[in-house]
$ cat coords26.txt   # compact mmCIF, C-alpha atoms and all ligand atoms
# COMPACT_ATOMS: atom_id res chain seq x y z
CA MET A 163 74.08 -54.04 145.78
CA LYS A 164 70.98 -56.17 146.27
CA ALA A 165 70.00 -59.31 144.34
CA VAL A 166 66.60 -60.94 144.03
CA HIS A 167 66.41 -64.38 142.43
CA ILE A 168 63.33 -65.32 140.44
CA ASP A 169 62.42 -68.92 139.69
CA ALA A 170 59.84 -68.90 136.92
CA SER A 171 59.82 -70.79 133.61
CA ARG A 172 63.27 -69.22 133.28
CA SER A 173 65.35 -68.49 136.41
CA TYR A 174 67.14 -65.19 136.65
CA ASP A 175 68.58 -62.57 138.96
CA VAL A 176 67.48 -58.98 139.37
CA LEU A 177 70.51 -56.94 140.49
CA ILE A 178 69.91 -53.53 142.07
CA GLY A 179 72.69 -51.03 142.76
CA GLY A 180 75.02 -48.37 141.37
CA GLY A 181 77.53 -48.79 138.51
CA LEU A 182 75.72 -51.66 136.80
CA LEU A 183 75.69 -50.03 133.34
CA SER A 184 79.48 -50.20 133.14
CA GLU A 185 79.45 -53.80 134.37
CA ALA A 186 76.74 -54.88 131.92
CA GLY A 187 79.12 -56.31 129.28
CA ALA A 188 81.11 -58.52 131.64
CA ARG A 189 78.00 -59.72 133.47
CA VAL A 190 76.17 -60.55 130.21
CA ARG A 191 79.21 -62.31 128.72
CA ASP A 192 79.94 -64.39 131.82
CA LEU A 193 76.31 -65.47 132.24
CA LEU A 194 75.00 -65.83 128.68
CA HIS A 195 78.01 -66.00 126.31
CA PRO A 196 76.35 -64.36 123.28
CA ALA A 197 78.40 -63.57 120.17
CA ALA A 198 76.20 -60.58 119.34
CA CYS A 199 73.34 -58.50 120.70
CA MET A 200 70.79 -55.98 119.55
CA LEU A 201 70.82 -53.01 121.94
CA ALA A 202 67.35 -51.43 121.83
CA ALA A 203 66.66 -48.03 123.38
CA ASP A 204 64.50 -44.99 122.81
CA ASP A 205 66.20 -41.84 121.48
CA ARG A 206 66.29 -40.09 124.89
CA VAL A 207 67.71 -42.98 126.83
CA PHE A 208 70.22 -43.86 124.11
CA ALA A 209 71.54 -40.26 124.16
CA LEU A 210 72.03 -40.49 127.94
CA TYR A 211 73.25 -44.05 128.49
CA GLY A 212 73.56 -45.84 125.14
CA GLY A 213 77.26 -45.07 124.68
CA LYS A 214 78.20 -46.42 128.11
CA VAL A 215 76.27 -49.67 127.68
CA ARG A 216 77.45 -50.17 124.11
CA SER A 217 81.10 -49.75 125.05
CA SER A 218 80.67 -52.06 128.05
CA LEU A 219 79.18 -54.77 125.79
CA GLU A 220 81.79 -54.28 123.07
CA SER A 221 84.64 -54.32 125.60
CA ALA A 222 83.35 -57.71 126.73
CA GLY A 223 83.73 -58.97 123.14
CA ILE A 224 80.03 -58.92 122.24
CA ARG A 225 79.24 -57.56 118.76
CA THR A 226 76.70 -54.82 119.53
CA GLU A 227 74.17 -53.52 117.02
CA VAL A 228 72.00 -50.55 117.98
CA TRP A 229 68.33 -49.86 117.26
CA THR A 230 66.58 -46.73 118.51
CA PHE A 231 63.04 -45.37 118.23
CA PRO A 232 61.20 -42.17 119.24
CA HIS A 233 60.50 -42.16 122.99
CA GLY A 234 56.99 -42.49 124.38
CA GLU A 235 53.99 -44.81 124.58
CA ALA A 236 52.89 -43.77 121.08
CA SER A 237 55.84 -45.81 119.74
CA LYS A 238 54.76 -49.04 121.45
CA THR A 239 53.06 -50.31 118.29
CA LEU A 240 53.12 -53.26 115.94
CA ALA A 241 54.83 -51.02 113.38
CA THR A 242 57.76 -50.09 115.65
CA TYR A 243 58.03 -53.70 116.88
CA GLY A 244 58.14 -54.81 113.22
CA GLU A 245 60.97 -52.35 112.54
CA LEU A 246 62.96 -53.85 115.41
CA LEU A 247 62.47 -57.39 114.07
CA GLU A 248 63.61 -56.27 110.61
CA ALA A 249 66.65 -54.55 112.15
CA MET A 250 67.51 -57.79 113.97
CA CYS A 251 67.36 -59.72 110.69
CA ALA A 252 69.51 -57.09 108.96
CA ALA A 253 72.03 -57.29 111.83
CA ARG A 254 72.18 -61.11 111.47
CA ILE A 255 71.14 -61.71 115.07
CA THR A 256 70.97 -65.47 115.58
CA ARG A 257 69.10 -67.71 118.00
CA THR A 258 72.05 -67.81 120.42
CA ASP A 259 72.34 -64.02 120.48
CA LEU A 260 70.50 -61.52 122.68
CA VAL A 261 68.28 -58.50 122.82
CA VAL A 262 69.35 -55.92 125.40
CA ALA A 263 66.47 -53.59 126.35
CA LEU A 264 67.86 -50.34 127.78
CA GLY A 265 65.20 -47.92 129.01
CA GLY A 266 61.74 -47.70 130.50
CA GLY A 267 58.74 -49.98 130.26
CA VAL A 268 58.00 -49.05 126.67
CA THR A 269 61.41 -50.28 125.53
CA GLY A 270 61.35 -53.32 127.81
CA ASP A 271 57.86 -54.42 126.78
CA MET A 272 58.47 -53.95 123.06
CA ALA A 273 62.04 -55.29 122.88
CA GLY A 274 60.98 -58.19 125.13
CA PHE A 275 58.16 -59.02 122.72
CA ALA A 276 60.62 -58.88 119.83
CA ALA A 277 62.92 -61.29 121.70
CA ALA A 278 59.96 -63.56 122.51
CA THR A 279 59.01 -63.87 118.85
CA TYR A 280 62.21 -63.41 116.81
CA GLN A 281 63.04 -66.77 115.25
CA ARG A 282 60.46 -68.23 117.70
CA GLY A 283 62.23 -66.77 120.71
CA ILE A 284 65.70 -65.66 121.81
CA ARG A 285 67.02 -64.53 125.18
CA PHE A 286 66.91 -60.95 126.40
CA VAL A 287 68.34 -58.78 129.15
CA GLN A 288 66.48 -55.91 130.76
CA ILE A 289 68.39 -52.78 131.81
CA PRO A 290 65.57 -50.62 133.20
CA THR A 291 66.25 -46.88 133.56
CA THR A 292 62.93 -45.67 135.01
CA LEU A 293 61.79 -46.29 138.56
CA LEU A 294 58.61 -47.85 137.14
CA ALA A 295 60.54 -50.28 134.98
CA MET A 296 62.85 -51.23 137.89
CA VAL A 297 60.01 -52.04 140.29
CA ASP A 298 57.58 -53.49 137.80
CA SER A 299 57.83 -53.85 134.04
CA SER A 300 61.35 -55.32 133.74
CA VAL A 301 60.43 -58.21 136.05
CA GLY A 302 57.89 -60.97 135.52
CA GLY A 303 57.99 -61.61 131.79
CA LYS A 304 55.01 -59.69 130.43
CA THR A 305 55.98 -58.32 127.02
CA ALA A 306 53.65 -56.51 124.65
CA VAL A 307 52.75 -53.74 122.24
CA ASP A 308 49.55 -51.69 122.12
CA LEU A 309 46.90 -52.05 119.42
CA THR A 310 44.49 -49.30 118.40
CA HIS A 311 41.88 -51.18 120.47
CA GLY A 312 43.84 -51.04 123.70
CA LYS A 313 47.04 -51.30 125.67
CA ASN A 314 49.22 -54.41 125.60
CA MET A 315 46.75 -56.20 123.35
CA ALA A 316 49.45 -58.20 121.50
CA GLY A 317 52.19 -59.80 123.52
CA ALA A 318 53.76 -62.87 125.07
CA PHE A 319 54.93 -64.16 128.41
CA CYS A 320 58.71 -64.36 128.18
CA GLN A 321 61.03 -64.02 131.15
CA PRO A 322 64.33 -62.13 130.76
CA SER A 323 67.64 -63.86 131.46
CA LEU A 324 68.99 -61.04 133.64
CA VAL A 325 67.75 -57.69 134.95
CA LEU A 326 70.25 -54.94 135.83
CA CYS A 327 68.76 -51.98 137.73
CA ASP A 328 71.41 -49.26 137.86
CA ILE A 329 69.91 -46.79 140.32
CA GLU A 330 72.33 -44.06 139.20
CA THR A 331 70.23 -43.68 136.03
CA LEU A 332 67.35 -42.38 138.17
CA SER A 333 69.23 -39.09 138.64
CA THR A 334 68.23 -37.94 135.13
CA LEU A 335 64.61 -39.10 135.27
CA PRO A 336 62.07 -36.26 134.89
CA PRO A 337 60.06 -35.75 138.12
CA GLU A 338 56.75 -36.82 136.56
CA GLU A 339 58.32 -40.10 135.41
CA TYR A 340 59.81 -40.65 138.87
CA ALA A 341 56.34 -40.10 140.33
CA CYS A 342 54.95 -42.83 138.05
CA GLY A 343 57.33 -45.34 139.63
CA CYS A 344 56.17 -44.17 143.06
CA ALA A 345 52.57 -44.99 142.04
CA GLU A 346 53.53 -48.63 141.35
CA ILE A 347 55.50 -48.78 144.62
CA ILE A 348 52.43 -47.56 146.54
CA LYS A 349 50.41 -50.22 144.68
CA TYR A 350 52.68 -52.99 146.03
CA ALA A 351 52.23 -51.69 149.57
CA MET A 352 48.45 -51.46 149.13
CA ILE A 353 48.12 -55.06 147.95
CA SER A 354 50.54 -56.79 150.24
CA SER A 355 51.97 -55.00 153.25
CA ALA A 356 50.69 -52.45 155.76
CA GLY A 357 54.22 -52.32 157.23
CA PHE A 358 55.70 -51.38 153.83
CA PHE A 359 52.98 -48.72 153.44
CA ASP A 360 53.90 -47.29 156.88
CA SER A 361 57.58 -47.15 155.86
CA LEU A 362 56.66 -45.23 152.67
CA GLU A 363 54.68 -42.75 154.82
CA ARG A 364 57.63 -42.37 157.23
CA THR A 365 60.63 -42.22 154.89
CA PRO A 366 60.84 -40.75 151.37
CA ILE A 367 61.41 -43.36 148.66
CA SER A 368 64.49 -41.43 147.48
CA GLU A 369 66.11 -42.09 150.87
CA GLN A 370 65.67 -45.87 150.62
CA THR A 371 65.91 -46.47 146.86
CA GLU A 372 67.74 -49.83 146.78
CA GLU A 373 65.68 -51.28 149.63
CA VAL A 374 62.35 -50.14 148.12
CA ILE A 375 63.15 -51.50 144.65
CA ALA A 376 64.27 -54.84 146.11
CA ARG A 377 61.12 -55.03 148.28
CA CYS A 378 58.87 -54.39 145.26
CA VAL A 379 60.72 -56.95 143.15
CA GLU A 380 60.35 -59.51 145.94
CA ILE A 381 56.61 -58.84 146.21
CA LYS A 382 56.23 -59.13 142.42
CA ARG A 383 58.38 -62.29 142.41
CA ASP A 384 56.03 -63.95 144.88
CA TYR A 385 52.98 -63.28 142.68
CA VAL A 386 54.81 -64.28 139.48
CA MET A 387 56.10 -67.52 140.97
CA LYS A 388 52.57 -68.45 142.08
CA ASP A 389 50.87 -67.45 138.83
CA GLU A 390 53.36 -66.74 136.05
CA PHE A 391 50.78 -66.86 133.27
CA ASP A 392 48.24 -64.60 134.95
CA THR A 393 45.32 -66.94 135.37
CA GLY A 394 44.74 -66.27 139.08
CA GLU A 395 46.55 -64.41 141.83
CA ARG A 396 48.74 -62.27 139.58
CA ILE A 397 45.71 -60.07 139.01
CA PHE A 398 46.46 -58.40 142.38
CA LEU A 399 49.36 -56.63 140.61
CA ASN A 400 46.71 -54.86 138.57
CA PHE A 401 45.19 -53.02 141.52
CA GLY A 402 44.08 -49.64 140.12
CA HIS A 403 44.88 -50.66 136.55
CA THR A 404 41.37 -51.32 135.18
CA PHE A 405 40.30 -47.70 135.52
CA GLY A 406 43.91 -46.52 135.15
CA HIS A 407 44.41 -48.11 131.73
CA ALA A 408 41.05 -46.68 130.64
CA ILE A 409 42.07 -43.14 131.67
CA GLU A 410 45.47 -43.54 129.99
CA SER A 411 43.85 -44.72 126.74
CA ALA A 412 41.11 -42.05 126.79
CA SER A 413 43.78 -39.35 127.11
CA GLY A 414 45.60 -40.67 124.04
CA PHE A 415 48.45 -41.51 126.47
CA ALA A 416 48.89 -37.87 127.53
CA VAL A 417 48.19 -39.27 131.01
CA LEU A 418 51.25 -41.35 131.92
CA HIS A 419 50.85 -44.99 132.98
CA GLY A 420 51.69 -44.35 136.64
CA GLU A 421 49.41 -41.32 136.75
CA GLY A 422 46.55 -43.44 135.42
CA VAL A 423 47.32 -46.11 138.02
CA ALA A 424 47.29 -43.46 140.78
CA MET A 425 43.88 -42.15 139.67
CA GLY A 426 42.62 -45.72 139.24
CA MET A 427 43.75 -46.81 142.74
CA ALA A 428 42.20 -43.70 144.31
CA ALA A 429 38.91 -44.19 142.43
CA ILE A 430 38.48 -47.89 143.19
CA THR A 431 39.35 -47.26 146.85
CA ARG A 432 36.80 -44.43 147.13
CA ALA A 433 34.23 -46.76 145.57
CA ALA A 434 35.16 -49.46 148.10
CA VAL A 435 34.68 -46.97 150.96
CA ARG A 436 31.28 -45.93 149.58
CA ARG A 437 30.21 -49.57 149.42
CA GLY A 438 31.38 -50.30 152.97
CA ILE A 439 34.18 -52.62 151.77
CA CYS A 440 36.99 -50.70 153.46
CA PRO A 441 37.13 -47.91 156.06
CA PRO A 442 37.39 -44.23 154.99
CA GLU A 443 40.90 -44.15 156.49
CA THR A 444 42.11 -46.45 153.67
CA ALA A 445 41.21 -43.93 150.97
CA GLU A 446 42.45 -40.99 153.05
CA ARG A 447 45.89 -42.51 153.66
CA LEU A 448 46.20 -43.76 150.07
CA CYS A 449 45.32 -40.36 148.57
CA ALA A 450 47.62 -38.53 151.04
CA LEU A 451 50.56 -40.77 150.07
CA LEU A 452 49.86 -40.40 146.33
CA GLU A 453 49.65 -36.63 146.72
CA LYS A 454 52.94 -36.59 148.63
CA TYR A 455 54.51 -37.86 145.39
CA HIS A 456 52.59 -35.29 143.30
CA LEU A 457 50.36 -37.96 141.80
CA PRO A 458 46.79 -37.20 140.68
CA THR A 459 43.91 -38.80 142.56
CA GLU A 460 40.97 -37.45 140.54
CA THR A 461 39.97 -37.32 136.91
CA GLY A 462 37.32 -35.39 135.02
CA TYR A 463 36.85 -38.14 132.41
CA SER A 464 33.25 -39.28 132.55
CA ALA A 465 32.25 -42.92 133.01
CA GLU A 466 30.87 -42.85 129.43
CA GLU A 467 34.29 -41.82 128.10
CA LEU A 468 36.04 -44.61 130.02
CA VAL A 469 33.69 -47.57 129.93
CA SER A 470 34.54 -48.96 126.52
CA ALA A 471 38.28 -48.80 127.28
CA ALA A 472 37.68 -50.51 130.64
CA LEU A 473 35.69 -53.24 128.94
CA SER A 474 38.45 -54.04 126.48
CA ASP A 475 40.77 -54.59 129.45
CA LYS A 476 42.36 -58.05 129.56
CA LYS A 477 40.80 -58.63 132.98
CA ALA A 478 37.45 -58.89 131.22
CA GLN A 479 36.19 -62.48 130.88
CA GLY A 480 32.97 -63.04 128.95
CA GLU A 481 30.28 -60.84 130.45
CA THR A 482 32.21 -60.18 133.66
CA ILE A 483 35.31 -58.33 134.75
CA ARG A 484 37.52 -58.92 137.78
CA LEU A 485 38.15 -55.93 140.03
CA VAL A 486 40.90 -55.81 142.66
CA LEU A 487 39.39 -54.16 145.74
CA PRO A 488 41.04 -52.95 148.96
CA ARG A 489 39.85 -54.38 152.27
CA ARG A 490 42.33 -52.21 154.20
CA ILE A 491 45.88 -50.86 153.68
CA GLY A 492 48.01 -53.89 152.75
CA GLU A 493 45.15 -56.24 151.89
CA CYS A 494 43.08 -56.60 148.72
CA PHE A 495 40.68 -59.17 147.30
CA VAL A 496 39.21 -59.90 143.89
CA GLU A 497 35.56 -59.53 143.01
CA ARG A 498 33.95 -60.50 139.73
CA ILE A 499 31.31 -57.99 138.60
CA ARG A 500 29.02 -57.81 135.59
CA LYS A 501 30.24 -55.45 132.88
CA GLU A 502 27.13 -53.29 133.10
CA GLU A 503 27.98 -52.52 136.74
CA ILE A 504 31.18 -50.67 135.77
CA PRO A 505 29.61 -47.19 135.37
CA ASP A 506 28.19 -47.43 138.91
CA TRP A 507 31.58 -48.40 140.32
CA MET A 508 33.14 -45.48 138.44
CA ALA A 509 30.49 -43.09 139.76
CA ASP A 510 31.06 -44.35 143.33
CA GLY A 511 34.79 -43.75 142.80
CA GLY A 512 34.14 -40.10 141.95
CA ILE A 513 35.18 -40.56 138.31
CA GLY A 514 34.07 -37.58 136.22
CA LYS A 515 33.75 -35.25 139.21
CA ALA A 516 37.09 -33.41 138.95
CA GLU A 517 37.47 -30.30 136.82
CA GLY A 518 40.56 -31.40 134.88
CA LYS A 519 41.06 -34.70 133.08
CA GLY A 520 44.73 -35.20 133.81
CA ARG A 521 47.71 -34.29 131.66
CA THR A 522 45.59 -33.14 128.72
CA GLU A 523 45.25 -29.49 129.67
P1 LIG A 601 58.85 -45.15 129.13
O1 LIG A 601 59.62 -46.32 128.74
O2 LIG A 601 58.12 -44.41 128.08
O3 LIG A 601 59.83 -44.12 129.86
C1 LIG A 601 59.32 -42.89 130.28
C2 LIG A 601 60.12 -41.71 129.71
O4 LIG A 601 61.30 -41.55 130.46
C3 LIG A 601 60.54 -41.85 128.26
O5 LIG A 601 60.39 -40.61 127.61
C4 LIG A 601 62.03 -42.19 128.35
O6 LIG A 601 62.76 -41.71 127.24
C5 LIG A 601 62.43 -41.46 129.60
N1 LIG A 601 63.53 -42.06 130.35
C6 LIG A 601 63.69 -43.37 130.66
N2 LIG A 601 64.73 -43.51 131.47
C7 LIG A 601 65.25 -42.29 131.69
C8 LIG A 601 66.31 -41.79 132.48
N3 LIG A 601 67.03 -42.58 133.27
N4 LIG A 601 66.58 -40.47 132.42
C9 LIG A 601 65.83 -39.62 131.67
N5 LIG A 601 64.78 -40.03 130.93
C10 LIG A 601 64.50 -41.36 130.95
O7 LIG A 601 57.75 -45.49 130.25
P2 LIG A 601 57.78 -46.22 131.67
O8 LIG A 601 57.00 -45.36 132.57
O9 LIG A 601 59.13 -46.66 132.08
O10 LIG A 601 56.93 -47.55 131.37
C11 LIG A 601 55.58 -47.47 131.01
C12 LIG A 601 55.27 -48.67 130.14
O11 LIG A 601 55.50 -49.85 130.89
C13 LIG A 601 53.83 -48.72 129.67
O12 LIG A 601 53.81 -49.06 128.32
C14 LIG A 601 53.23 -49.83 130.51
O13 LIG A 601 52.17 -50.49 129.85
C15 LIG A 601 54.41 -50.73 130.70
N6 LIG A 601 54.32 -51.60 131.88
C16 LIG A 601 54.57 -52.91 131.70
C17 LIG A 601 54.56 -53.76 132.78
C18 LIG A 601 54.92 -55.20 132.61
O14 LIG A 601 54.72 -55.98 133.55
N7 LIG A 601 55.46 -55.59 131.49
C19 LIG A 601 54.27 -53.26 134.06
C20 LIG A 601 54.01 -51.91 134.20
C21 LIG A 601 54.05 -51.07 133.10
N1 LIG A 602 52.20 -55.30 135.99
C1 LIG A 602 51.29 -56.37 136.12
C2 LIG A 602 51.94 -57.72 136.02
O1 LIG A 602 53.11 -57.85 135.78
O2 LIG A 602 51.25 -58.70 136.11

$ encode --input "coords26.txt" --output "structure tokens" --more "lines below"
Ligand code: NAD
Ligand code: GLY
Amino acid sequence: MKAVHIDASRSYDVLIGGGLLSEAGARVRDLLHPAACMLAADDRVFALYGGKVRSSLESAGIRTEVWTFPHGEASKTLATYGELLEAMCAARITRTDLVVALGGGVTGDMAGFAAATYQRGIRFVQIPTTLLAMVDSSVGGKTAVDLTHGKNMAGAFCQPSLVLCDIETLSTLPPEEYACGCAEIIKYAMISSAGFFDSLERTPISEQTEEVIARCVEIKRDYVMKDEFDTGERIFLNFGHTFGHAIESASGFAVLHGEGVAMGMAAITRAAVRRGICPPETAERLCALLEKYHLPTETGYSAEELVSAALSDKKAQGETIRLVLPRRIGECFVERIRKEEIPDWMADGGIGKAEGKGRTE
């Protein structure tokens, strides 16, 4: 098992290994001593792992109430979040109790936001079950729901008290969801380490699961500890996300988050090559690695279809938007551009040139 310690406004450990679902109850009891918890999961994840986690929590003497919702990004709404808050009231969850978020990023973001706001804030534990949630969304304290105007438009910074990544849960993950986690892993390598990128080219992620997750969590920890509230350097974690979020939104979330990020990273890197910011080799190696994990690198959405979604991105500030651009594999920088320049950047990235749009056909 590996452990990564994070010192942010709340300090906590991220534990990575096998068998952690069964140990969840004892670990939560010994660390946090709650009388009760609300176990939140989507219907799919609850059917697979809810029973095991519930019995582990109950065996540790923690009264465990369960709340489930239909899986998928379409559930990450104010309405579903409101239902969870009401369920917590009905279950008499108090300020010394806990929320336990079991599942992917949708569950973690939404249950985390409920914990951040219920009775002005209670503690929560993340038990991520997707590769994407293990390497990214369960760590760092961004919690949110989507609004009709865009992704993650209502939310709060709130760090978890413990993160338990049980890598055995990855065995049931559908391949396209596994690939989404790989997209975020490739993102970490692109922004911070040519050596890590080389190792992903050399050895499949599935053959180094614990090490790769721990490496990504360490990279994210370093950005979060420098800029927990996302006013500066944390923006590097959004490499590929400005165009990626726009593609995801334009598809009505038929394009998965990681797929959007893959297309977004490929597009912004092609644009950087075209503008002489990075060498062609950077885009070639990035696209080859994304394709190795069956991730899309092109989209047929036109710039017109994507621009308004890109402009409502949270990286927009006044009349400008910050883009994370690659200088080479393992090194990025931030450039502020005027909003009206976005269509040109998209055109340079080849956006709109592919025949398909992503997972819509
Ligand atoms: P998700 O939570 O929807 O999970 C993907 C699918 O996999 C769901 O259908 C779920 O039921 C299923 N699933 C989960 N675990 C499984 C398992 N072990 N076996 C079988 N099926 C399983 O999505 P996600 O990709 O985990 O997360 C995407 C979300 O995370 C987006 O909303 C994105 O905005 C958010 N996100 C947040 C942050 C952050 O810092 N907070 C970072 C990145 C992404
Ligand atoms: N996933 C982006 C961040 O946590 O800042």

$ axis_aligned_box --input "coords26.txt" --around "ligand LIG 601 (chain A)" --padding-each-side "4 Å" --output "JSON"
{"center_x": 59.6, "center_y": -47.8, "center_z": 130.7, "size_x": 22.9, "size_y": 24.4, "size_z": 15.0}

$ closest_residue --input "coords26.txt" --among "A:Arg436, A:Lys304, A:His407, A:Arg498" --to "ligand LIG 602 (chain A)" --atoms "all atoms listed in the file"
A:Lys304

$ residues_around --input "coords26.txt" --residues "A:Ala434" --least-positions-apart "4" --cutoff "7 Å" --atoms "only C-alpha atoms" --output "PyMOL selection string"
chain A and resi 430+438-440+487-488

$ closest_residue --input "coords26.txt" --among "A:Asp259, A:Glu493, A:Glu503, A:Asp298" --to "A:Glu227" --atoms "all atoms listed in the file"
A:Asp259

$ residues_around --input "coords26.txt" --residues "A:Tyr340" --least-positions-apart "4" --cutoff "10 Å" --atoms "only C-alpha atoms" --output "PDB file with C-alpha atoms, in the coordinates of the input"
ATOM      1  CA  THR A 292      62.930 -45.670 135.010  1.00  0.00           C
ATOM      2  CA  LEU A 293      61.790 -46.290 138.560  1.00  0.00           C
ATOM      3  CA  LEU A 294      58.610 -47.850 137.140  1.00  0.00           C
ATOM      4  CA  LEU A 332      67.350 -42.380 138.170  1.00  0.00           C
ATOM      5  CA  SER A 333      69.230 -39.090 138.640  1.00  0.00           C
ATOM      6  CA  THR A 334      68.230 -37.940 135.130  1.00  0.00           C
ATOM      7  CA  LEU A 335      64.610 -39.100 135.270  1.00  0.00           C
ATOM      8  CA  PRO A 336      62.070 -36.260 134.890  1.00  0.00           C
ATOM      9  CA  CYS A 344      56.170 -44.170 143.060  1.00  0.00           C
ATOM     10  CA  ALA A 345      52.570 -44.990 142.040  1.00  0.00           C
ATOM     11  CA  SER A 368      64.490 -41.430 147.480  1.00  0.00           C
ATOM     12  CA  GLY A 420      51.690 -44.350 136.640  1.00  0.00           C
ATOM     13  CA  TYR A 455      54.510 -37.860 145.390  1.00  0.00           C
TER      14      TYR A 455
END

$ residues_near_ligand --input "coords26.txt" --ligand "ligand LIG 602 (chain A)" --cutoff "7 Å" --atoms "all atoms listed in the file" --output "PyMOL selection string"
chain A and resi 298-299+302+304+392+396-397+399-400

$ closest_residue --input "coords26.txt" --among "A:Leu210, A:Leu177, A:Val435, A:Ile367" --to "ligand LIG 601 (chain A)" --atoms "only C-alpha atoms and all ligand atoms"
A:Leu210

$ residues_around --input "coords26.txt" --residues "A:Ala429" --least-positions-apart "2" --cutoff "7 Å" --atoms "only C-alpha atoms" --output "list in words"
Met425, Gly426, Met427, Thr431, Arg432, Ala433, Gly511, Gly512 and Ile513 of chain A

$ residues_around --input "coords26.txt" --residues "A:Glu373" --least-positions-apart "6" --cutoff "10 Å" --atoms "only C-alpha atoms" --output "short mmCIF file (atom, residue, chain, number, x, y, z; two decimals) with C-alpha atoms, in the coordinates of the input"
data_model
loop_
_atom_site.label_atom_id
_atom_site.label_comp_id
_atom_site.auth_asym_id
_atom_site.auth_seq_id
_atom_site.Cartn_x
_atom_site.Cartn_y
_atom_site.Cartn_z
CA MET A 163 74.08 -54.04 145.78
CA LYS A 164 70.98 -56.17 146.27
CA ILE A 178 69.91 -53.53 142.07
CA GLY A 179 72.69 -51.03 142.76
CA ILE A 367 61.41 -43.36 148.66
CA VAL A 379 60.72 -56.95 143.15
#

$ atom_distance --input "coords26.txt" --atom1 "atom N3 of ligand LIG 601 (chain A)" --atom2 "atom CA of A:Lys238"
18.2 Å

$ closest_residue --input "coords26.txt" --among "A:Gly213, A:Ala165, A:Thr242, A:Pro322" --to "A:Leu194" --atoms "only C-alpha atoms"
A:Pro322

$ atom_distance --input "coords26.txt" --atom1 "atom CA of A:Asp360" --atom2 "atom CA of A:Gly492"
9.8 Å

$ closest_residue --input "coords26.txt" --among "A:Gly303, A:Gly518, A:Gly414, A:Gly422" --to "ligand LIG 601 (chain A)" --atoms "all atoms listed in the file"
A:Gly303

$ closest_residue --input "coords26.txt" --among "A:Phe358, A:Phe495, A:Tyr463, A:Phe319" --to "A:Phe398" --atoms "only C-alpha atoms"
A:Phe495

$ atom_distance --input "coords26.txt" --atom1 "atom C13 of ligand LIG 601 (chain A)" --atom2 "atom CA of A:Leu457"
16.6 Å
